[in-house]
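First comes the structure, then the notes that go with it.
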Amino acid sequence: MPSVIIVGAGPAGATLAYLLAHRGVDVTLLERQLNSSREFRGEVLMPSGVEAIEEMGLMDAMASVPHQIQESITLYLNGSLVFSQEFDAELFQGHPPQAISQPHFLEMVIGQAEKSSHFKLERGASVKELLLDGTRVVGVRARTHEGERHYHADLVVGADGRASAVRKHGGFESRHVSPPLDVVWWKIPCPKDWPGPSVFMGKGHFMLAYENADKQLQIAWLILKGSYSKLKNRTSNEWLKEIADHISPKLGSFLREEEDELEKPFLLDSVSDCVKQWSIPGALLIGDAAHTMSPVGGQGINIALRDTIVATNHLVPALFSEDPAVLDQALKAIEKERMPEVRHIQRLQGMPPKVGFSSAWWSEPLRRLVAKILARPGARSKLAGRVKAMPFGVTKVRLRD
Ligand SMILES: Cc1cc2nc3c(=O)[nH]c(=O)nc-3n(C[C@H](O)[C@H](O)[C@H](O)COP(=O)(O)OP(=O)(O)OC[C@H]3O[C@@H](n4cnc5c(N)ncnc54)[C@H](O)[C@@H]3O)c2cc1C
């Protein structure tokens, strides 16, 4: 029976393990954490991600995962309303954008994988090294609660996120796609009349706020990398002053009421990069390990799920061929099929921060011009056509039988 080690039980690793195990591949999933709620996890799923979950046959099980459907989008520039638009439900064909509880989602996927006798999960196993036979990867060394262990398989998949050990130890080279950002992250009680996802753009500021699956208001404030060290000792009142000029007066007064909740934001750094090649003999990278996604536009989980479907299509026949040369060709085919979408989405993700953060003389007039254009519904629908890759992806991703 062919065997695979998957490193990391995030969206990419957990769903790949589920799909391969149910197709008769012996899967060992190694996850360094003891449960799915220990790490920060992104939350927003786009229609392309919901569709991927449906392709995997997980829609019924998805009903048990707490979620909050997002029904509109509102944009503010320097605190003034530019537009507010309800989403056209028909356009999403039953796959509306939604904020999900990622820990619940991952536990649901793992529960489904456990129904296969080909699936094994080891929690608390942190991969430290790749094992080689000549130049071919044949396994990993991991630190576990029982001490150090060696695991061997026909293929090692690195789905271990943006600080991937498989990327590091496999000598994969990467290139940065857009400037790194810091994200200041607050969760506060959601106001009763919250209008739906709102974006607040202004000189050097870019903020997104939405109601999450716990019915809380999730606020993500994107700032240029390094700015946080100047801000981290601020009191909640100073935080308020810093952001008040850039958000709507209504949100400003709500935040003033909830001032105590702003005291201790959570800081996340955000990177956008891509490895130059996704595989070496015997090892493949997928998800953030291959192409770390910025939080802009809620894309990373969706792209990771879509990587998984394409990887399954290529890996299953190649693994059953039991020919290492066929397997290595399949690894290259996965990269070739996924790169156009990853490249395009990463380029789109880089644009809003470029416009939002620039302090060049032309940037404020440009922001005002963009706002004027976006205020017109006709121009908005033209622009929506240009960025439709964000909700719908670039390529058709279908799971083969
Ligand atoms: C602030 C912020 C907000 C975001 N919001 C969104 C959003 O709303 N929507 C969206 O689609 N994307 C969002 N993203 C991006 C998204 O979180 C990632 O793109 C996505 O999680 C990638 O999934 P993954 O499975 O590839 O990696 P991860 O989710 O990072 O999972 C990797 C897993 O590997 C494990 N691991 C790591 N190292 C090892 C090791 N050595 N051994 C064993 N296990 C290991 C980790 O514990 C983890 O469970 C956001 C990103 C940031 C930074």
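Naming works like this for the structure tokens: A, B, ... for the chains as they're shown, residue 1 at the start of each chain, ligands 1 onward in shown order.
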
Check your understanding: Counting only C-alpha atoms and all ligand atoms, which protein, DNA or RNA residues come within 7 Å of ligand 1, given as a ChimeraX atom specification?
Key -> /A:7-13,30-33,36,39,41-45,125-128,159-165,183,268-270,286-289,292-295,298-302,304

Exercise for review: Write out as number ranges by chain which residues come within 7 Å of segment 115-124 of chain A when counting only C-alpha atoms, dropping same-chain ones fewer than 4 positions away.
Suggested key: A: 21-22, 24-34, 111, 144-145

Export of prior selection with C-alpha atoms as an mmCIF file, in the first residue's frame:
```cif
data_model
loop_
_atom_site.group_PDB
_atom_site.id
_atom_site.type_symbol
_atom_site.label_atom_id
_atom_site.label_comp_id
_atom_site.auth_asym_id
_atom_site.auth_seq_id
_atom_site.Cartn_x
_atom_site.Cartn_y
_atom_site.Cartn_z
ATOM 1 C CA ALA A 21 -6.851 8.041 3.300
ATOM 2 C CA HIS A 22 -10.330 7.566 1.812
ATOM 3 C CA GLY A 24 -6.628 3.830 0.115
ATOM 4 C CA VAL A 25 -3.308 5.633 0.731
ATOM 5 C CA ASP A 26 -1.771 5.007 4.191
ATOM 6 C CA VAL A 27 -1.537 8.477 5.723
ATOM 7 C CA THR A 28 0.334 9.571 8.847
ATOM 8 C CA LEU A 29 -0.598 13.142 9.767
ATOM 9 C CA LEU A 30 1.921 14.783 12.133
ATOM 10 C CA GLU A 31 0.784 17.895 14.018
ATOM 11 C CA ARG A 32 2.970 19.679 16.555
ATOM 12 C CA GLN A 33 0.024 21.056 18.567
ATOM 13 C CA LEU A 34 -2.140 18.923 20.855
ATOM 14 C CA GLY A 111 -13.203 13.208 12.449
ATOM 15 C CA THR A 144 7.155 13.547 20.119
ATOM 16 C CA HIS A 145 6.020 13.083 23.720
#
```

Using only C-alpha atoms, I'd like a table of the residues in segment 205-303 of chain A that come within 10 Å of segment 353-363 of chain A; for each, show the closest atom pair and its distance in Å rounded to one decimal, ordered by chain and ascending number, as a tab-separated table.
```
residue	atom	partner	partner_atom	distance
A:His205	CA	A:Gly356	CA	6.1
A:Phe206	CA	A:Gly356	CA	6.1
A:Met207	CA	A:Gly356	CA	9.8
A:Leu222	CA	A:Pro353	CA	8.2
A:Ile223	CA	A:Phe357	CA	7.9
A:Leu224	CA	A:Phe357	CA	7.4
A:Val296	CA	A:Pro353	CA	8.3
```

Exercise for review: Give the strand (DSSP E) residues of segment 31-164 of chain A, as assigned by DSSP on the backbone, as a PyMOL selection string.
Suggested key: chain A and resi 31+44-45+67-69+72-77+80-86+98-100+119-123+126-133+136-144+147-152+155-158

With C-alpha atoms kept, could you save the residues just selected as a PDB file, in the first residue's frame?
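part16.pdb, freshly written:
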```
ATOM      1  CA  GLU A  31       0.784  17.895  14.018  1.00  0.00           C
ATOM      2  CA  VAL A  44     -13.053  33.856   6.271  1.00  0.00           C
ATOM      3  CA  LEU A  45     -14.001  31.378   3.550  1.00  0.00           C
ATOM      4  CA  HIS A  67     -20.190  29.948  10.857  1.00  0.00           C
ATOM      5  CA  GLN A  68     -21.466  33.421  10.047  1.00  0.00           C
ATOM      6  CA  ILE A  69     -22.577  34.167   6.468  1.00  0.00           C
ATOM      7  CA  SER A  72     -22.653  42.720   2.103  1.00  0.00           C
ATOM      8  CA  ILE A  73     -19.535  44.866   1.869  1.00  0.00           C
ATOM      9  CA  THR A  74     -19.088  48.502   2.936  1.00  0.00           C
ATOM     10  CA  LEU A  75     -16.103  50.735   2.154  1.00  0.00           C
ATOM     11  CA  TYR A  76     -15.038  53.911   3.967  1.00  0.00           C
ATOM     12  CA  LEU A  77     -12.274  56.322   2.981  1.00  0.00           C
ATOM     13  CA  SER A  80     -16.538  58.740   5.091  1.00  0.00           C
ATOM     14  CA  LEU A  81     -18.827  56.174   3.462  1.00  0.00           C
ATOM     15  CA  VAL A  82     -17.869  55.380  -0.152  1.00  0.00           C
ATOM     16  CA  PHE A  83     -20.423  52.625  -0.808  1.00  0.00           C
ATOM     17  CA  SER A  84     -22.336  49.800   0.810  1.00  0.00           C
ATOM     18  CA  GLN A  85     -23.470  46.879  -1.306  1.00  0.00           C
ATOM     19  CA  GLU A  86     -25.486  43.750  -0.616  1.00  0.00           C
ATOM     20  CA  GLN A  98     -18.598  33.113   5.513  1.00  0.00           C
ATOM     21  CA  ALA A  99     -16.528  33.373   8.668  1.00  0.00           C
ATOM     22  CA  ILE A 100     -16.038  29.907  10.153  1.00  0.00           C
ATOM     23  CA  PHE A 119      -5.555   7.336   8.518  1.00  0.00           C
ATOM     24  CA  LYS A 120      -3.336   7.909  11.556  1.00  0.00           C
ATOM     25  CA  LEU A 121      -2.919  11.217  13.413  1.00  0.00           C
ATOM     26  CA  GLU A 122      -0.062  11.950  15.803  1.00  0.00           C
ATOM     27  CA  ARG A 123      -0.610  15.112  17.815  1.00  0.00           C
ATOM     28  CA  SER A 126       7.000  18.340  15.706  1.00  0.00           C
ATOM     29  CA  VAL A 127       9.057  17.622  12.585  1.00  0.00           C
ATOM     30  CA  LYS A 128      12.715  18.583  12.946  1.00  0.00           C
ATOM     31  CA  GLU A 129      14.500  17.037   9.974  1.00  0.00           C
ATOM     32  CA  LEU A 130      14.001  15.256   6.647  1.00  0.00           C
ATOM     33  CA  LEU A 131      15.414  11.736   6.242  1.00  0.00           C
ATOM     34  CA  LEU A 132      17.245  11.117   2.966  1.00  0.00           C
ATOM     35  CA  ASP A 133      18.246   8.096   0.910  1.00  0.00           C
ATOM     36  CA  ARG A 136      15.547  11.379  -2.187  1.00  0.00           C
ATOM     37  CA  VAL A 137      13.411  12.299   0.839  1.00  0.00           C
ATOM     38  CA  VAL A 138      12.186   9.073   2.470  1.00  0.00           C
ATOM     39  CA  GLY A 139      10.809  10.288   5.799  1.00  0.00           C
ATOM     40  CA  VAL A 140      11.085  12.706   8.711  1.00  0.00           C
ATOM     41  CA  ARG A 141      12.525  12.909  12.200  1.00  0.00           C
ATOM     42  CA  ALA A 142      10.072  14.316  14.726  1.00  0.00           C
ATOM     43  CA  ARG A 143      10.113  15.217  18.406  1.00  0.00           C
ATOM     44  CA  THR A 144       7.155  13.547  20.119  1.00  0.00           C
ATOM     45  CA  GLY A 147      10.933  11.193  22.529  1.00  0.00           C
ATOM     46  CA  GLU A 148      12.496  11.361  19.094  1.00  0.00           C
ATOM     47  CA  ARG A 149      10.921   9.204  16.330  1.00  0.00           C
ATOM     48  CA  HIS A 150      11.670   8.439  12.696  1.00  0.00           C
ATOM     49  CA  TYR A 151       8.766   8.042  10.226  1.00  0.00           C
ATOM     50  CA  HIS A 152       9.230   6.611   6.720  1.00  0.00           C
ATOM     51  CA  LEU A 155       6.169  10.772   0.027  1.00  0.00           C
ATOM     52  CA  VAL A 156       6.500  13.608   2.565  1.00  0.00           C
ATOM     53  CA  VAL A 157       4.065  16.505   2.164  1.00  0.00           C
ATOM     54  CA  GLY A 158       4.946  19.761   3.932  1.00  0.00           C
TER      55      GLY A 158
END
```

Check your understanding: Could you pull the residues within 9 Å of segment 48-64 of chain A, counting only C-alpha atoms, minus those fewer than 5 positions along the same chain, as a ChimeraX atom specification?
Key -> /A:15,19,94-98,104-105,108-109,112,299,301-306,309,389-393,397-399

Review point. Looking only at the backbone, which of the residues in segment 29-148 of chain A does DSSP tag as helix (DSSP H, G or I), as an MDAnalysis selection string?
Key: chainID A and resid 47:55 59:62 89:92 102:113

Practice item. Could you check which of A:Ser178, A:Asn237, A:Ser37, A:Ser198 is closest to Leu348 of chain A, using only C-alpha atoms? Key: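 Residue with the minimum atom-to-atom distance to Leu348 of chain A: A:Ser178.
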
Practice item. Please indicate the distance in Å from atom CA of Leu285 of chain A to atom CA of Arg23 of chain A, rounded to one decimal place. Key: 20.2 Å

Exercise for review: Find the residues around Ile219 of chain A up to 7 Å (only C-alpha atoms counted), leave out those fewer than 5 positions away in its own chain, and share them as a list in words.
Suggested key: Trp185, Trp186, Lys187, Leu208, Ala209 and Tyr210 of chain A

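Nearest to Leu331 of chain A of all the residues A:Arg386, A:His314, A:Lys168, A:Lys276 is A:His314, based on only C-alpha atoms.
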
Exercise for review: Compile the contact shell of Pro189 of chain A as number ranges by chain: residues with an atom at most 10 Å away, counting only C-alpha atoms, same-chain residues fewer than 6 positions apart removed.
Suggested key: A: 211, 214-218, 255, 258, 261
